[in-house]
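Enquirer: Structure supplied as final-v6.txt; contents: compact mmCIF, C-alpha atoms.
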```
# COMPACT_ATOMS: atom_id res chain seq x y z
CA MET A 179 82.71 107.15 98.63
CA GLU A 180 84.16 110.49 99.62
CA ILE A 181 86.16 112.72 97.28
CA GLY A 182 89.34 112.07 99.27
CA SER A 183 89.32 108.42 98.26
CA PHE A 184 89.89 109.49 94.66
CA VAL A 185 92.79 111.79 95.48
CA ALA A 186 95.17 109.12 96.83
CA PRO A 187 95.19 106.92 93.70
CA LEU A 188 95.55 109.97 91.47
CA VAL A 189 98.43 111.42 93.51
CA GLY A 190 100.05 107.98 93.75
CA GLY A 191 99.86 107.63 89.98
CA MET A 192 101.35 111.10 89.44
CA LEU A 193 104.22 110.25 91.80
CA LEU A 194 105.14 107.08 89.96
CA GLY A 195 104.67 108.78 86.60
CA GLY A 196 107.06 111.50 87.79
CA ALA A 197 109.61 108.90 88.93
CA ALA A 198 109.41 107.14 85.56
CA GLY A 199 109.73 110.51 83.80
CA ALA A 200 112.79 111.49 85.84
CA LEU A 201 114.49 108.19 85.03
CA LEU A 202 113.80 108.77 81.33
CA VAL A 203 114.78 112.44 81.10
CA GLY A 204 117.73 112.10 83.47
CA GLY A 205 119.10 108.68 82.74
CA GLY A 206 117.53 107.85 79.40
CA ARG A 207 116.09 104.62 80.75
CA VAL A 208 112.54 103.21 80.84
CA ALA A 209 111.05 102.33 84.24
CA GLY A 210 109.81 98.83 83.46
CA ILE A 211 109.95 97.01 86.78
CA SER A 212 109.94 93.43 85.46
CA GLY A 213 112.88 94.14 83.16
CA ILE A 214 114.74 96.18 85.79
CA LEU A 215 114.42 93.23 88.20
CA ALA A 216 115.61 90.73 85.57
CA GLY A 217 118.54 92.99 84.70
CA ALA A 218 119.39 93.59 88.36
CA ILE A 219 119.67 89.83 88.89
CA ALA A 220 121.19 88.58 85.67
CA GLY A 221 121.95 91.54 83.43
CA ALA A 222 125.23 91.53 81.54
CA ARG A 223 125.72 95.28 81.92
CA GLU A 224 124.21 98.35 83.62
CA ARG A 225 123.33 96.41 86.74
CA GLY A 226 124.15 99.29 89.09
CA TRP A 227 121.17 101.57 88.52
CA ARG A 228 118.82 98.57 88.26
CA VAL A 229 119.92 97.16 91.62
CA ALA A 230 119.58 100.70 93.05
CA PHE A 231 116.04 101.06 91.64
CA VAL A 232 114.93 97.71 93.13
CA ALA A 233 116.52 98.72 96.45
CA GLY A 234 114.57 102.00 96.29
CA LEU A 235 111.30 100.10 95.85
CA VAL A 236 112.01 97.75 98.78
CA ILE A 237 113.16 100.63 101.02
CA ALA A 238 110.00 102.58 100.17
CA GLY A 239 108.11 99.59 101.60
CA LEU A 240 110.34 99.49 104.69
CA VAL A 241 109.72 103.18 105.36
CA ALA A 242 105.97 102.64 104.88
CA ALA A 243 106.03 99.80 107.43
CA LEU A 244 107.38 102.34 109.94
CA VAL A 245 105.37 105.46 109.11
CA ALA A 246 102.22 104.15 107.41
CA PRO A 247 101.41 100.64 108.62
CA GLY A 248 98.55 99.09 106.70
CA SER A 249 99.55 100.62 103.37
CA ALA A 250 100.64 97.18 102.15
CA ALA A 251 99.11 93.79 102.89
CA ALA A 252 99.30 90.10 102.05
CA SER A 253 97.36 88.72 99.11
CA PRO A 254 94.00 87.31 100.27
CA ARG A 255 94.64 84.26 98.07
CA PRO A 256 96.18 81.02 99.42
CA LEU A 257 99.99 80.97 99.38
CA GLY A 258 100.11 78.11 96.85
CA LEU A 259 98.05 80.18 94.41
CA VAL A 260 100.31 83.20 95.03
CA VAL A 261 103.30 81.06 94.00
CA VAL A 262 101.52 80.00 90.78
CA ALA A 263 100.67 83.67 90.19
CA GLY A 264 104.33 84.63 90.64
CA LEU A 265 105.47 82.01 88.12
CA LEU A 266 102.89 83.23 85.56
CA VAL A 267 103.90 86.86 86.10
CA GLY A 268 107.59 85.97 85.69
CA VAL A 269 107.10 83.98 82.49
CA GLY A 270 104.54 86.40 81.05
CA THR A 271 106.47 89.62 81.66
CA ARG A 272 109.60 88.09 80.17
CA LEU A 273 107.86 86.84 77.00
CA GLY A 274 105.65 89.91 76.69
CA GLY A 275 108.53 92.28 77.38
CA GLY A 276 106.96 94.23 80.21
CA CYS A 277 104.38 94.61 82.92
CA THR A 278 102.00 97.25 84.27
CA SER A 279 104.83 99.81 84.46
CA GLY A 280 106.76 99.14 81.23
CA HIS A 281 103.73 98.68 78.99
CA GLY A 282 100.93 100.22 81.06
CA VAL A 283 102.62 103.47 82.08
CA CYS A 284 105.77 104.03 80.01
CA GLY A 285 104.47 102.30 76.87
CA LEU A 286 101.05 103.97 76.83
CA GLY A 287 102.76 107.24 77.80
CA ARG A 288 104.88 106.94 74.65
CA LEU A 289 101.72 106.14 72.63
CA SER A 290 103.16 102.76 71.63
CA THR A 291 100.65 100.54 69.83
CA ARG A 292 102.58 97.44 70.98
CA SER A 293 102.15 98.50 74.59
CA LEU A 294 98.47 99.33 74.01
CA ALA A 295 97.92 95.81 72.64
CA ALA A 296 99.83 94.30 75.59
CA THR A 297 97.97 96.43 78.17
CA LEU A 298 94.52 95.58 76.77
CA THR A 299 95.53 91.90 76.77
CA PHE A 300 96.79 91.73 80.36
CA MET A 301 93.88 93.83 81.63
CA GLY A 302 91.51 91.38 79.90
CA THR A 303 93.11 88.18 81.20
CA GLY A 304 93.66 89.82 84.60
CA ALA A 305 89.94 90.53 84.86
CA LEU A 306 89.16 87.00 83.67
CA ALA A 307 91.40 85.41 86.32
CA ALA A 308 90.08 87.70 89.08
CA VAL A 309 86.43 87.01 88.17
CA VAL A 310 86.93 83.23 88.02
CA ALA A 311 88.95 83.19 91.28
CA SER A 312 86.32 85.31 93.02
CA LYS A 313 83.56 82.90 91.89
CA LEU A 314 85.53 79.85 93.14
CA LEU A 315 87.23 81.27 96.24
CA GLY A 316 84.97 84.16 97.18
CA ALA A 317 85.36 87.87 96.45
CA ALA A 318 88.62 89.30 97.69
CA SER A 319 87.10 92.48 99.08
CA MET B 177 130.86 114.15 82.10
CA SER B 178 133.04 111.08 82.30
CA ALA B 179 131.44 107.68 81.77
CA ALA B 180 132.16 106.68 85.39
CA VAL B 181 130.49 109.82 86.78
CA ALA B 182 127.51 109.32 84.47
CA ALA B 183 127.13 105.71 85.60
CA ARG B 184 127.34 106.73 89.28
CA SER B 185 124.82 109.52 88.75
CA ARG B 186 122.49 107.09 87.00
CA THR B 187 122.73 104.74 90.00
CA VAL B 188 121.74 107.57 92.39
CA LEU B 189 118.93 108.56 90.03
CA GLY B 190 117.80 104.92 89.87
CA PHE B 191 117.63 104.71 93.66
CA VAL B 192 115.63 107.93 94.04
CA ALA B 193 113.32 106.97 91.16
CA GLY B 194 112.72 103.56 92.79
CA LEU B 195 111.97 105.22 96.12
CA VAL B 196 109.47 107.69 94.63
CA PHE B 197 107.96 105.03 92.36
CA GLY B 198 107.44 102.84 95.44
CA ALA B 199 105.87 105.73 97.35
CA GLY B 200 103.49 106.25 94.43
CA LEU B 201 102.48 102.57 94.43
CA LEU B 202 101.87 102.71 98.20
CA ALA B 203 99.91 105.98 98.06
CA GLY B 204 97.87 104.71 95.11
CA GLY B 205 96.80 101.53 96.88
CA MET B 206 98.60 99.19 94.48
CA THR B 207 100.28 97.39 97.40
CA LEU B 208 96.92 96.20 98.72
CA PRO B 209 96.17 93.05 96.67
CA ARG B 210 92.54 93.17 97.86
CA ASN B 211 92.24 96.56 96.17
CA VAL B 212 93.79 95.26 92.96
CA LEU B 213 91.55 92.19 92.89
CA ALA B 214 88.47 94.32 93.60
CA PHE B 215 89.47 96.41 90.57
CA LEU B 216 90.09 93.42 88.28
CA ASP B 217 86.98 91.51 89.47
CA VAL B 218 84.57 93.16 87.07
CA SER B 219 81.78 90.78 88.16
CA GLY B 220 81.46 93.28 91.02
CA LEU B 221 79.97 95.75 88.49
CA ALA B 222 76.67 93.85 88.76
CA ASP B 223 76.28 94.23 92.53
CA GLY B 224 78.17 97.46 93.23
CA ARG B 225 81.30 95.78 94.65
CA TRP B 226 83.52 96.99 91.81
CA ASP B 227 86.19 99.51 92.78
CA GLY B 228 87.44 101.35 89.70
CA ARG B 229 89.68 103.81 91.50
CA LEU B 230 92.92 102.05 90.52
CA ALA B 231 92.35 103.26 86.96
CA LEU B 232 93.22 106.69 88.38
CA VAL B 233 96.71 105.42 89.27
CA MET B 234 97.43 104.57 85.64
CA GLY B 235 95.70 107.73 84.46
CA GLY B 236 97.69 109.96 86.83
CA ALA B 237 100.95 108.22 85.90
CA ILE B 238 100.41 108.55 82.15
CA GLY B 239 99.23 112.14 82.60
CA VAL B 240 102.63 113.04 84.05
CA PHE B 241 104.80 110.68 82.00
CA LEU B 242 103.43 111.59 78.56
CA PRO B 243 104.49 115.28 78.53
CA VAL B 244 107.85 114.36 80.09
CA TRP B 245 108.41 111.79 77.34
CA ARG B 246 107.64 114.40 74.64
CA LEU B 247 110.15 116.73 76.25
CA ALA B 248 112.84 114.05 76.45
CA LYS B 249 112.19 113.02 72.86
CA ARG B 250 112.54 116.61 71.62
CA ARG B 251 115.80 116.94 73.55
CA GLY B 252 117.01 113.68 72.00
CA GLU B 253 119.38 112.68 74.75
CA ALA B 254 119.37 112.13 78.49
CA LEU B 255 120.51 114.84 80.93
CA LEU B 256 123.27 112.47 82.09
CA GLY B 257 124.29 112.04 78.46
CA GLY B 258 123.67 109.20 76.06
CA LEU B 259 120.74 108.31 73.90
CA LEU B 260 117.28 107.43 75.18
CA ALA B 261 117.16 103.64 75.44
CA VAL B 262 113.57 102.98 74.43
CA PRO B 263 112.20 99.86 72.81
CA PRO B 264 111.81 100.10 69.04
CA GLU B 265 108.23 99.87 67.80
CA ALA B 266 108.32 96.23 66.59
CA ALA B 267 105.39 94.25 65.23
CA ILE B 268 102.61 93.03 67.51
CA ASP B 269 103.30 89.30 67.54
CA ALA B 270 102.21 86.15 69.35
CA ARG B 271 105.06 86.39 71.84
CA LEU B 272 103.93 89.87 72.96
CA LEU B 273 100.24 88.98 73.23
CA GLY B 274 100.83 85.51 74.70
CA GLY B 275 103.24 86.89 77.28
CA ALA B 276 100.87 89.72 78.21
CA ALA B 277 98.00 87.21 78.52
CA ILE B 278 100.04 84.97 80.86
CA PHE B 279 101.14 87.98 82.93
CA GLY B 280 97.52 89.13 83.29
CA LEU B 281 96.40 85.70 84.53
CA GLY B 282 99.06 85.79 87.25
CA TRP B 283 98.15 89.38 88.18
CA GLY B 284 94.46 88.50 88.49
CA LEU B 285 95.14 85.36 90.57
CA GLY B 286 97.48 86.87 93.15
CA GLY B 287 96.75 90.60 93.03
CA TYR B 288 100.45 91.44 92.70
CA CYS B 289 102.32 92.84 89.73
CA PRO B 290 106.15 93.15 89.94
CA GLY B 291 106.51 96.66 91.46
CA PRO B 292 103.99 96.32 94.31
CA ALA B 293 105.37 92.85 95.14
CA LEU B 294 108.89 94.28 95.59
CA VAL B 295 107.57 97.18 97.70
CA SER B 296 105.58 94.69 99.81
CA LEU B 297 108.78 92.76 100.55
CA GLY B 298 110.04 95.79 102.47
CA ALA B 299 106.61 96.57 103.90
CA GLY B 300 106.51 93.08 105.40
CA LEU B 301 109.15 94.08 107.96
CA PHE B 302 106.73 93.81 110.90
CA ASP B 303 104.08 91.71 109.19
CA PRO B 304 105.00 88.04 108.60
CA ALA B 305 101.90 87.37 106.44
CA THR B 306 102.81 90.17 104.01
CA LEU B 307 106.46 89.10 103.98
CA ALA B 308 105.51 85.47 103.26
CA ALA B 309 103.10 86.34 100.43
CA ALA B 310 105.38 88.94 98.80
CA GLY B 311 108.47 86.76 99.32
CA ALA B 312 106.84 83.69 97.77
CA PHE B 313 105.55 85.77 94.86
CA VAL B 314 108.88 87.48 94.12
CA ALA B 315 110.84 84.20 94.35
CA ALA B 316 108.41 82.47 91.98
CA MET B 317 108.47 85.48 89.63
CA ILE B 318 112.26 85.36 89.38
CA VAL B 319 112.13 81.61 88.67
CA GLY B 320 109.49 82.28 85.98
CA GLN B 321 111.65 84.97 84.37
CA ARG B 322 114.69 82.67 84.29
CA LEU B 323 112.63 79.80 82.83
CA ALA B 324 111.24 82.04 80.10
CA ALA B 325 114.67 83.53 79.37
CA ALA B 326 116.15 80.03 78.96
CA THR B 327 113.36 78.98 76.58
CA GLU B 328 113.60 82.27 74.74
CA SER B 329 117.30 81.94 73.96
CA ARG B 330 116.66 78.46 72.59
CA ILE B 331 113.90 79.86 70.36
CA ASP B 332 116.17 82.66 69.21
CA GLU B 333 118.96 80.25 68.34
CA GLY B 334 116.53 78.25 66.21
CA SER B 335 115.10 81.16 64.28
CA ALA B 336 117.10 83.79 62.47
CA ALA B 337 114.00 85.96 62.17
CA ALA B 338 113.35 86.10 65.90
CA PRO B 339 113.63 89.65 67.21
CA ALA B 340 116.51 90.48 69.52
CA ALA B 341 115.79 91.86 72.96
CA THR B 342 113.44 94.57 71.76
CA SER B 343 111.20 94.91 74.78
CA ALA B 344 110.60 97.88 77.01
CA CYS B 345 111.84 95.89 79.92
CA ALA B 346 114.48 93.71 78.34
CA PRO B 347 117.49 93.77 80.62
CA ASP B 348 119.80 94.66 77.78
CA ALA B 349 117.51 96.59 75.48
CA PRO B 350 119.51 98.08 72.65
CA GLU B 351 119.92 101.82 72.86
CA THR B 352 117.83 103.38 70.17
CA LEU B 353 117.44 107.01 69.36
CA ALA B 354 113.83 107.89 69.84
```
Could you spell out this file's structure in structure tokens?
Expert:
Amino acid sequence: MEIGSFVAPLVGGMLLGGAAGALLVGGGRVAGISGILAGAIAGARERGWRVAFVAGLVIAGLVAALVAPGSAAASPRPLGLVVVAGLLVGVGTRLGGGCTSGHGVCGLGRLSTRSLAATLTFMGTGALAAVVASKLLGAAS
Amino acid sequence: MSAAVAARSRTVLGFVAGLVFGAGLLAGGMTLPRNVLAFLDVSGLADGRWDGRLALVMGGAIGVFLPVWRLAKRRGEALLGGLLAVPPEAAIDARLLGGAAIFGLGWGLGGYCPGPALVSLGAGLFDPATLAAAGAFVAAMIVGQRLAAATESRIDEGSAAAPAATSACAPDAPETLA
């Protein structure tokens, strides 16, 4: 594994940390994607910036499809399992009040013990699900 | 700054933040579910398959966000005006841990969490397989959120002690001074 392969994830992380920081310092809002999506679809107020944020995410993907093909890909899991996964992620992020961004980045970045508990929990069950699925369906990589 | 100008500025900021956030997810490899699953599949530790590099994405993000958060907190209000709307530090309860556990299971099964799935929707422009997987995931995720929200409001109606929308990502999180 060459050194360069460690630079991309680090730089990617710094970029998204910077984006979350700008949203907080500039707009006073937390970049939790699951909540931003829920608010963009059904929020009672402040839908504008949430819809704009979701549009920014999708357009980033569109641009990548043009300039960096291969930087996104389909899940290696069967489509039916991906649907189940989506349902679980929707229910779980709503009940748990956040996902990898809200708890994992913004929450840990604010040294929140709630977010630390949530992050350790979803990392644990995420590993469990990935290990079991890889035993039953074959390793994804 | 008038409220209308502040709201418009926040919308522009939201768009740019989403764009940069998406670029970070793409650069970091979070939009490759194979990568994510290879990170979460810790059974790969035994035979050298494990790829731990995605931990650097979270590390890099927190490394930048943490000092920015301290700065914003010291300032006390946002540059566009208004308080910092951050979730209050409520108790660690069953709803938080149960929800996080359910989210993790979905993440480990499909290899998508919400941000990368939304980015992959756009990235599927010329790739029907990516579009189908990301589209199915996002549609199911929205259904899951609505289902949980409906159950949640019934729980809240039944219990006076239930916390209001206190989460980091609650769509209408109360504005609290940090």
Enquirer: What separation in Å, quoted to one decimal, exists between atom CA of B:Gly274 and atom CA of A:Ala311?
Expert: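 Atom CA of A:Ala311 lies 20.5 Å from atom CA of B:Gly274.
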Enquirer: Rank nothing, just name the residue among B:Gly194, B:Arg322, B:Phe313, B:Leu272 nearest to A:Thr297, using only C-alpha atoms.
Expert: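 Checking each candidate against A:Thr297, we get B:Leu272 as the closest.
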Enquirer: Counting all atoms listed in the file, which residue out of A:Val185, A:Ser293, A:Gly239, A:Glu224 sits closest to chain B?
Expert: A:Gly239
Enquirer: Using all atoms listed in the file, can you tell me which of B:Leu208, B:Arg250, B:Gly228, B:Ala293 comes closest to chain A?
Expert: B:Leu208
Enquirer: For atom CA of A:Pro256 and atom CA of B:Leu281, quote the distance in Å rounded to one decimal.
Expert: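 Rounded to one decimal, the two atoms are 15.6 Å apart.
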Enquirer: Can you tell me, as a VMD selection string, which residues sit within 12 Å of (100.9, 107.0, 77.7) in the file's frame, using all atoms listed in the file?
Expert: (chain A and resid 195 198 to 199 278 to 294 297) or (chain B and resid 234 to 246)
Enquirer: Output C-alpha atoms for every residue in that selection, as a short mmCIF file (atom, residue, chain, number, x, y, z; two decimals), keeping the file's coordinate frame.
Expert:
```
data_model
loop_
_atom_site.label_atom_id
_atom_site.label_comp_id
_atom_site.auth_asym_id
_atom_site.auth_seq_id
_atom_site.Cartn_x
_atom_site.Cartn_y
_atom_site.Cartn_z
CA GLY A 195 104.67 108.78 86.60
CA ALA A 198 109.41 107.14 85.56
CA GLY A 199 109.73 110.51 83.80
CA THR A 278 102.00 97.25 84.27
CA SER A 279 104.83 99.81 84.46
CA GLY A 280 106.76 99.14 81.23
CA HIS A 281 103.73 98.68 78.99
CA GLY A 282 100.93 100.22 81.06
CA VAL A 283 102.62 103.47 82.08
CA CYS A 284 105.77 104.03 80.01
CA GLY A 285 104.47 102.30 76.87
CA LEU A 286 101.05 103.97 76.83
CA GLY A 287 102.76 107.24 77.80
CA ARG A 288 104.88 106.94 74.65
CA LEU A 289 101.72 106.14 72.63
CA SER A 290 103.16 102.76 71.63
CA THR A 291 100.65 100.54 69.83
CA ARG A 292 102.58 97.44 70.98
CA SER A 293 102.15 98.50 74.59
CA LEU A 294 98.47 99.33 74.01
CA THR A 297 97.97 96.43 78.17
CA MET B 234 97.43 104.57 85.64
CA GLY B 235 95.70 107.73 84.46
CA GLY B 236 97.69 109.96 86.83
CA ALA B 237 100.95 108.22 85.90
CA ILE B 238 100.41 108.55 82.15
CA GLY B 239 99.23 112.14 82.60
CA VAL B 240 102.63 113.04 84.05
CA PHE B 241 104.80 110.68 82.00
CA LEU B 242 103.43 111.59 78.56
CA PRO B 243 104.49 115.28 78.53
CA VAL B 244 107.85 114.36 80.09
CA TRP B 245 108.41 111.79 77.34
CA ARG B 246 107.64 114.40 74.64
#
```
Enquirer: Taking all atoms of stretch 236-240 of chain B that the file lists, what box with edges along x, y and z, padded by 6 Å per side, do you get, with centre and edge lengths in Å to one decimal, as lines of an AutoDock Vina configuration file?
Expert:
```
center_x = 100.2
center_y = 110.6
center_z = 84.5
size_x = 16.9
size_y = 16.8
size_z = 16.7
```
Enquirer: When you draw a straight line from atom CA of B:Leu232 to atom CA of A:Leu188, how long is it in Å?
Expert: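 Atom-to-atom, atom CA of B:Leu232 to atom CA of A:Leu188, that is 5.1 Å.
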Enquirer: Can you tell me which residues surround B:Ser296 at a distance of at most 12 Å, considering all atoms listed in the file, apart from same-chain residues fewer than 5 positions away, and format the answer as number ranges by chain?
Expert: A: 232, 235-243, 247-253; B: 198-199, 201-202, 205-209, 287-291, 301-314
Enquirer: Looking at B:Gly282, B:Pro263, B:Gly252, B:Gly220, which one is nearest to chain A, with distances taken over only C-alpha atoms?
Expert: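 Ranked by minimum distance to chain A, first place goes to B:Gly282.
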Enquirer: Of the candidates A:Cys277, A:Ala263, A:Ala246, A:Leu298, which shows the shortest atom-to-atom distance to chain B, using all atoms listed in the file?
Expert: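 Using all atoms listed in the file, the shortest distance to chain B belongs to A:Ala263.
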Enquirer: So, counting all atoms listed in the file, which residue among B:Gly284, B:Ala267, B:Ala180, B:Gly258 is closest to B:Phe215?
Expert: B:Gly284
Enquirer: Quick one: residues within 9 Å of B:Ile318, only C-alpha atoms, excluding same-chain residues fewer than 4 positions away - as a ChimeraX atom specification?
Expert: /A:215-216,219,264-265,268-269 /B:313-314,322-323
Enquirer: Tell me which protein, DNA and RNA residues are within 10 Å of B:Ala182, counting all atoms listed in the file, leaving out same-chain ones fewer than 2 positions away, and put them as an MDAnalysis selection string.
Expert: (chainID A and resid 205) or (chainID B and resid 177:180 184:188 255:258)
Enquirer: Just want the 10 Å neighbourhood of A:Ala186, counted on all atoms listed in the file, with same-chain residues fewer than 2 positions away dropped. Output as a ChimeraX atom specification.
Expert: /A:181-184,188-192 /B:200,202-205,229-230,232-233
Enquirer: Show which residues sit within 6 Å of A:Val203, as a ChimeraX atom specification. Count all atoms listed in the file, and ignore same-chain residues fewer than 2 positions away.
Expert: /A:200-201,205-206 /B:248,254
